[in-house]
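> I'm passing along final_34.cif; it holds mmCIF, C-alpha atoms.
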data_structure
loop_
_atom_site.label_atom_id
_atom_site.label_comp_id
_atom_site.auth_asym_id
_atom_site.auth_seq_id
_atom_site.Cartn_x
_atom_site.Cartn_y
_atom_site.Cartn_z
CA MET D 1 43.49 -20.82 32.99
CA LYS D 2 41.22 -18.24 34.54
CA LYS D 3 37.90 -19.66 35.68
CA ILE D 4 34.77 -18.10 34.18
CA LYS D 5 32.32 -17.21 36.90
CA LYS D 6 28.97 -18.85 36.24
CA ARG D 7 25.86 -16.72 36.24
CA PRO D 8 23.43 -17.42 39.09
CA GLN D 9 20.58 -19.71 38.11
CA GLY D 10 17.93 -17.11 38.75
CA THR D 11 17.47 -13.44 39.53
CA LYS D 12 16.66 -12.32 43.07
CA GLU D 13 13.31 -11.00 41.86
CA PRO D 14 11.68 -13.76 39.77
CA GLN D 15 9.92 -11.43 37.32
CA TYR D 16 13.32 -10.64 35.79
CA ASN D 17 14.08 -14.25 34.92
CA ARG D 18 12.28 -13.79 31.61
CA GLN D 19 15.14 -11.50 30.59
CA VAL D 20 17.74 -14.13 31.49
CA HIS D 21 15.81 -16.80 29.59
CA ASP D 22 15.46 -14.55 26.56
CA MET D 23 19.20 -13.86 26.55
CA ASP D 24 20.01 -17.57 26.87
CA LYS D 25 17.67 -18.40 23.98
CA TYR D 26 18.39 -15.59 21.51
CA GLY D 27 21.61 -13.93 22.67
CA PRO D 28 22.02 -10.13 22.82
CA ALA D 29 19.99 -7.99 20.42
CA THR D 30 21.99 -6.37 17.63
CA MET D 31 21.69 -2.94 16.09
CA GLY D 32 22.35 -1.86 12.53
CA LEU D 33 25.12 0.15 10.89
CA THR D 34 23.66 3.55 11.67
CA THR D 35 22.12 2.78 15.03
CA SER D 36 25.32 1.13 16.27
CA TYR D 37 27.26 4.22 15.23
CA PHE D 38 24.85 6.49 17.11
CA TRP D 39 24.99 4.29 20.21
CA ARG D 40 28.77 4.45 20.30
CA HIS D 41 29.31 8.09 19.33
CA ASP D 42 26.10 10.04 20.04
CA PRO D 43 23.63 7.96 22.11
CA LYS D 44 21.06 10.75 22.38
CA HIS D 45 20.68 10.76 18.61
CA LEU D 46 19.46 7.16 18.78
CA LEU D 47 16.75 8.37 21.15
CA PHE D 48 15.71 11.06 18.66
CA THR D 49 15.62 8.52 15.84
CA LEU D 50 13.41 6.12 17.76
CA GLY D 51 11.16 9.04 18.72
CA ARG D 52 10.63 9.78 15.03
CA TYR D 53 9.73 6.18 14.27
CA LYS D 54 7.37 6.08 17.24
CA PHE D 55 5.52 9.07 15.79
CA VAL D 56 5.22 7.35 12.40
CA ALA D 57 4.05 4.13 14.06
CA LYS D 58 1.24 6.01 15.80
CA MET D 59 0.19 7.72 12.58
CA VAL D 60 -0.15 4.47 10.60
CA ILE D 61 -2.08 2.44 13.16
CA GLY D 62 -4.75 0.54 11.27
CA LYS D 63 -2.79 0.44 8.02
CA LYS D 64 -2.16 -3.15 7.02
CA ARG D 65 0.94 -2.61 4.91
CA VAL D 66 3.20 0.40 4.54
CA ALA D 67 6.49 1.19 2.81
CA GLU D 68 9.58 3.01 4.02
CA VAL D 69 11.59 4.81 1.36
CA GLY D 70 15.23 5.22 2.34
CA CYS D 71 15.02 2.70 5.18
CA GLY D 72 18.73 2.49 5.98
CA ASP D 73 19.27 -0.25 8.58
CA ALA D 74 15.51 -0.08 9.41
CA PHE D 75 16.16 -0.53 13.13
CA GLY D 76 13.31 1.84 14.05
CA ALA D 77 10.86 0.22 11.64
CA ARG D 78 10.36 -2.63 14.07
CA LEU D 79 8.27 -0.18 16.14
CA LEU D 80 5.72 -0.39 13.33
CA ALA D 81 6.09 -4.15 12.99
CA SER D 82 5.54 -4.61 16.73
CA GLN D 83 1.99 -3.23 16.39
CA GLY D 84 1.12 -5.60 13.55
CA THR D 85 1.88 -3.29 10.62
CA ARG D 86 3.64 -5.00 7.72
CA VAL D 87 6.60 -2.91 6.56
CA ASP D 88 8.40 -3.13 3.22
CA GLY D 89 11.70 -1.26 3.43
CA TYR D 90 13.41 0.16 0.34
CA ASP D 91 16.82 1.79 -0.05
CA PHE D 92 19.00 2.48 -3.07
CA ASP D 93 22.12 1.33 -1.20
CA PRO D 94 22.64 -2.47 -1.12
CA VAL D 95 24.92 -2.14 1.91
CA PHE D 96 22.03 -0.88 4.03
CA ILE D 97 19.52 -3.37 2.66
CA ASP D 98 21.87 -6.25 3.51
CA ASP D 99 22.25 -4.80 7.00
CA ALA D 100 18.49 -4.29 7.43
CA ARG D 101 17.90 -7.94 6.57
CA ARG D 102 20.55 -9.01 9.08
CA VAL D 103 19.28 -6.84 11.92
CA ASN D 104 15.61 -7.65 11.41
CA ALA D 105 15.89 -11.32 10.44
CA ASP D 106 13.86 -12.36 13.49
CA VAL D 107 11.13 -9.72 13.06
CA PRO D 108 8.00 -11.02 11.32
CA GLY D 109 6.21 -8.84 8.80
CA MET D 110 9.23 -6.97 7.42
CA THR D 111 10.77 -7.28 3.94
CA PHE D 112 13.59 -5.34 2.27
CA ALA D 113 14.61 -4.62 -1.31
CA VAL D 114 17.12 -2.45 -3.15
CA HIS D 115 15.19 0.27 -4.99
CA ASP D 116 15.92 3.78 -6.27
CA ILE D 117 12.72 5.83 -6.02
CA LEU D 118 14.12 8.42 -8.45
CA LYS D 119 14.28 5.79 -11.20
CA LYS D 120 10.85 4.19 -10.84
CA PRO D 121 7.88 3.88 -8.46
CA LEU D 122 7.78 1.19 -5.81
CA PRO D 123 6.84 -2.27 -7.13
CA LYS D 124 3.44 -2.15 -5.43
CA LYS D 125 0.99 0.43 -4.06
CA TYR D 126 0.62 1.10 -0.33
CA GLU D 127 -1.88 2.59 2.08
CA ALA D 128 0.95 4.68 3.48
CA VAL D 129 4.51 5.53 2.50
CA TYR D 130 6.98 7.26 4.82
CA ALA D 131 10.46 8.66 4.29
CA LEU D 132 12.51 9.98 7.20
CA ASP D 133 15.63 12.03 6.48
CA VAL D 134 15.35 11.52 2.73
CA ILE D 135 13.94 14.65 1.08
CA GLU D 136 16.81 16.83 2.34
CA HIS D 137 19.24 14.58 0.42
CA ILE D 138 17.43 15.04 -2.88
CA VAL D 139 18.56 18.02 -4.95
CA PRO D 140 15.75 20.55 -5.51
CA LYS D 141 15.55 19.91 -9.26
CA GLN D 142 14.67 16.26 -8.54
CA GLU D 143 12.17 16.77 -5.71
CA LYS D 144 9.20 16.83 -8.11
CA LEU D 145 10.38 13.54 -9.62
CA PHE D 146 10.65 12.09 -6.13
CA MET D 147 7.07 13.10 -5.35
CA LYS D 148 5.80 11.85 -8.71
CA GLN D 149 7.26 8.39 -8.07
CA VAL D 150 5.95 8.31 -4.51
CA LEU D 151 2.44 9.27 -5.64
CA LYS D 152 2.47 6.36 -8.08
CA SER D 153 3.25 4.11 -5.11
CA ILE D 154 0.32 5.23 -2.91
CA LEU D 155 -3.23 3.93 -3.09
CA PRO D 156 -6.13 6.38 -3.58
CA LYS D 157 -6.90 8.14 -0.26
CA GLY D 158 -3.44 7.03 0.90
CA MET D 159 -0.94 8.80 3.14
CA LEU D 160 2.61 10.13 2.87
CA ILE D 161 4.75 11.01 5.89
CA LEU D 162 7.95 12.99 5.39
CA GLY D 163 10.42 13.80 8.14
CA SER D 164 13.24 16.28 7.62
CA PRO D 165 15.51 18.65 9.56
CA ASN D 166 14.30 22.23 9.62
CA VAL D 167 16.56 24.53 7.59
CA THR D 168 16.53 26.99 10.50
CA SER D 169 18.24 24.40 12.69
CA GLN D 170 21.13 23.64 10.36
CA LYS D 171 23.46 26.30 11.73
CA TYR D 172 23.33 24.48 15.09
CA ALA D 173 23.80 20.98 13.66
CA SER D 174 27.12 19.17 13.70
CA ALA D 175 29.13 18.77 10.50
CA PRO D 176 28.31 15.03 10.21
CA SER D 177 24.59 15.80 10.65
CA ARG D 178 24.67 18.42 7.88
CA GLU D 179 26.60 16.26 5.45
CA GLY D 180 24.55 15.52 2.36
CA HIS D 181 21.79 17.98 3.27
CA VAL D 182 21.15 19.79 -0.01
CA ASN D 183 17.42 20.47 0.28
CA CYS D 184 16.35 21.43 3.79
CA LYS D 185 13.16 23.50 3.95
CA THR D 186 11.42 25.81 6.36
CA HIS D 187 8.18 24.92 8.10
CA ASP D 188 6.12 26.82 5.50
CA GLU D 189 8.12 25.59 2.50
CA LEU D 190 7.65 21.94 3.46
CA ARG D 191 3.91 22.45 3.95
CA ALA D 192 3.57 24.20 0.58
CA PHE D 193 5.59 21.50 -1.19
CA VAL D 194 3.36 18.67 0.04
CA ALA D 195 0.15 20.70 -0.37
CA THR D 196 0.80 20.79 -4.10
CA TYR D 197 0.15 17.06 -4.22
CA PHE D 198 -2.25 16.25 -1.34
CA SER D 199 -5.72 17.49 -0.40
CA THR D 200 -5.00 17.45 3.34
CA VAL D 201 -1.66 18.43 4.86
CA LEU D 202 -0.77 18.23 8.56
CA LEU D 203 2.48 19.69 9.86
CA PHE D 204 4.21 18.96 13.16
CA SER D 205 7.36 20.24 14.83
CA MET D 206 9.87 18.18 16.78
CA ASN D 207 12.57 19.12 19.26
CA ASP D 208 14.71 16.27 20.54
CA GLU D 209 12.22 13.39 20.92
CA VAL D 210 9.17 15.60 21.58
CA VAL D 211 6.61 16.18 18.79
CA HIS D 212 4.45 19.28 19.09
CA THR D 213 2.60 21.96 17.14
CA GLY D 214 4.69 24.87 18.35
CA PHE D 215 6.41 27.70 16.51
CA GLY D 216 7.83 26.18 13.33
CA SER D 217 10.94 28.30 13.08
CA MET D 218 12.19 27.00 16.43
CA ALA D 219 11.69 23.34 15.56
CA HIS D 220 14.77 21.21 15.01
CA TYR D 221 12.88 18.63 12.95
CA LEU D 222 9.70 18.72 10.87
CA PHE D 223 7.04 16.15 10.08
CA VAL D 224 4.53 16.66 7.30
CA ILE D 225 1.65 14.29 6.59
CA GLY D 226 -0.12 14.37 3.24
CA VAL D 227 -3.47 12.58 2.98
CA ASP D 228 -5.59 11.92 -0.11
CA PRO D 229 -3.41 12.55 -3.17
CA LYS D 230 -4.83 15.12 -5.59
CA LYS D 231 -5.80 13.96 -9.06
CA ARG D 232 -3.20 15.19 -11.49
#
What is this file in structure tokens?

Amino acid sequence: MKKIKKRPQGTKEPQYNRQVHDMDKYGPATMGLTTSYFWRHDPKHLLFTLGRYKFVAKMVIGKKRVAEVGCGDAFGARLLASQGTRVDGYDFDPVFIDDARRVNADVPGMTFAVHDILKKPLPKKYEAVYALDVIEHIVPKQEKLFMKQVLKSILPKGMLILGSPNVTSQKYASAPSREGHVNCKTHDELRAFVATYFSTVLLFSMNDEVVHTGFGSMAHYLFVIGVDPKKR
């Protein structure tokens, strides 16, 4: 039988022993269905995804409890949880909710539930709701219904953050990236859509993991923030 080489008792530089102790106590960290796929097949895309969640985390600082619509495996949502924000993740697919619970079982302040936003509003109202890579999967004839249900889930003076690929970037995207994209918008179209429902609208561009306010048509990804829902 081949002998298994034992790991040295400590690292040569003592400050790194905390990493050894953490591994011995908890084992290796695990990623979710989507993030594992990215890591194996397109690692840079995982970087972009985490960059998007970092932006959202910065925008909701000070909010006590927020909701993510279309959370998927919710791997990036722990960036919000790490700053003390409570996150409730919702997705209409039970497969992803089960995975989100598995991946984030050790993260305090995160809950997950199966929910279809097109059928009814969220079960409670939030200071902020965000949805990354969701609106482009909703057919145009249902986008007003989506917004109606989201508005019913936001407190007065609340905030909505949408993230979506720019339609101008789709000709450069890979086939797997484009799959399911039935409602991509331009910079101006996304702003106008959200401005119908919110008093204040802020629009940002994103290329790779960098968020900026540059020329919208050259952005790969778009963020729009709606603040203070209009009375309807």
> Just so the selection is clear, what residues does the PyMOL selection byres ((chain D and resi 62) around 12) cover here, as a count of residues only?
17
> Using atom CA of D:Cys71 and atom CA of D:Gly226 as the two end points, give the distance in Å to one decimal.
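Value for the atom CA of D:Cys71-atom CA of D:Gly226 distance: 19.2 Å.
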> Which residues, named as in the file, does the PyMOL selection byres ((chain D and resi 229) around 8) pick out? Answer as an mmCIF file with C-alpha atoms, in the frame of the given file.

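New file expr-v8.cif:
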data_model
loop_
_atom_site.group_PDB
_atom_site.id
_atom_site.type_symbol
_atom_site.label_atom_id
_atom_site.label_comp_id
_atom_site.auth_asym_id
_atom_site.auth_seq_id
_atom_site.Cartn_x
_atom_site.Cartn_y
_atom_site.Cartn_z
ATOM 1 C CA LEU D 151 2.440 9.270 -5.640
ATOM 2 C CA PRO D 156 -6.130 6.380 -3.580
ATOM 3 C CA LYS D 157 -6.900 8.140 -0.260
ATOM 4 C CA GLY D 158 -3.440 7.030 0.900
ATOM 5 C CA MET D 159 -0.940 8.800 3.140
ATOM 6 C CA TYR D 197 0.150 17.060 -4.220
ATOM 7 C CA PHE D 198 -2.250 16.250 -1.340
ATOM 8 C CA SER D 199 -5.720 17.490 -0.400
ATOM 9 C CA GLY D 226 -0.120 14.370 3.240
ATOM 10 C CA VAL D 227 -3.470 12.580 2.980
ATOM 11 C CA ASP D 228 -5.590 11.920 -0.110
ATOM 12 C CA LYS D 230 -4.830 15.120 -5.590
ATOM 13 C CA LYS D 231 -5.800 13.960 -9.060
#
> Between atom CA of D:Val20 and atom CA of D:Pro108, what is the distance in Å, rounded to a tenth?
22.6 Å
> In Å to one decimal, how far is atom CA of D:Gly72 from atom CA of D:Asp99?
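Between atom CA of D:Asp99 and atom CA of D:Gly72 the gap is 8.2 Å.
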> Got a sec: who's within 9 Å of D:Lys124, counting all atoms listed in the file, leaving out chain neighbours fewer than 5 positions off, as a ChimeraX atom specification?
/D:152-154
> On this file, the PyMOL selection byres ((chain D and resi 31-36) around 6) gives some set of residues; write that set as number ranges by chain.
D: 30, 37-39, 73, 103
> Looking at only C-alpha atoms, which of D:Glu189, D:Asp133, D:Asp42, D:Glu209 is the one that sits closest to D:Gly70?
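Among D:Glu189, D:Asp133, D:Asp42, D:Glu209, it is D:Asp133 that comes nearest to D:Gly70.
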> Nearest to D:Leu50 among D:Phe193, D:Phe75, D:Phe223, D:Phe112, with distances taken over only C-alpha atoms: which residue is it?
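Checking each of D:Phe193, D:Phe75, D:Phe223, D:Phe112 against D:Leu50, counting only C-alpha atoms, the winner is D:Phe75.
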> Rank nothing, just name the residue among D:Asp24, D:Asp88, D:Glu179, D:Asp208 nearest to D:Tyr130, using all atoms listed in the file.
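That would be D:Asp88, the residue with the smallest distance to D:Tyr130.
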> Choose the residue, out of D:Leu47, D:Ile161, D:Val210, D:Tyr221, that has the smallest atom-to-atom separation from D:Thr186; count only C-alpha atoms.
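Answer, going by the shortest atom-to-atom distance: D:Tyr221.
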> Name all residues at most 10 Å from D:Pro94 (count all atoms listed in the file; drop same-chain ones fewer than 6 positions away) and give them as a PyMOL selection string.
chain D and resi 72+100+113-115
> Which neighbours of D:Val69 fall inside 7 Å, counting all atoms listed in the file, when residues of the same chain fewer than 5 positions from it are skipped, and could you give them as an mmCIF file with C-alpha atoms, keeping the file's coordinate frame?

data_model
loop_
_atom_site.group_PDB
_atom_site.id
_atom_site.type_symbol
_atom_site.label_atom_id
_atom_site.label_comp_id
_atom_site.auth_asym_id
_atom_site.auth_seq_id
_atom_site.Cartn_x
_atom_site.Cartn_y
_atom_site.Cartn_z
ATOM 1 C CA GLY D 89 11.700 -1.260 3.430
ATOM 2 C CA TYR D 90 13.410 0.160 0.340
ATOM 3 C CA ASP D 91 16.820 1.790 -0.050
ATOM 4 C CA TYR D 130 6.980 7.260 4.820
ATOM 5 C CA ALA D 131 10.460 8.660 4.290
#
> With all atoms listed in the file as the basis for distance, which of D:Lys141, D:His181, D:Arg191, D:His220 is at the shortest distance from D:Thr168?
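Distance minimum relative to D:Thr168 lands on D:His220.
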> Given the choices D:Val87, D:Leu202, D:Val211, D:Leu122, which gets closest to D:Ile225 if the distance is worked out from only C-alpha atoms?
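That would be D:Leu202, the residue with the smallest distance to D:Ile225.
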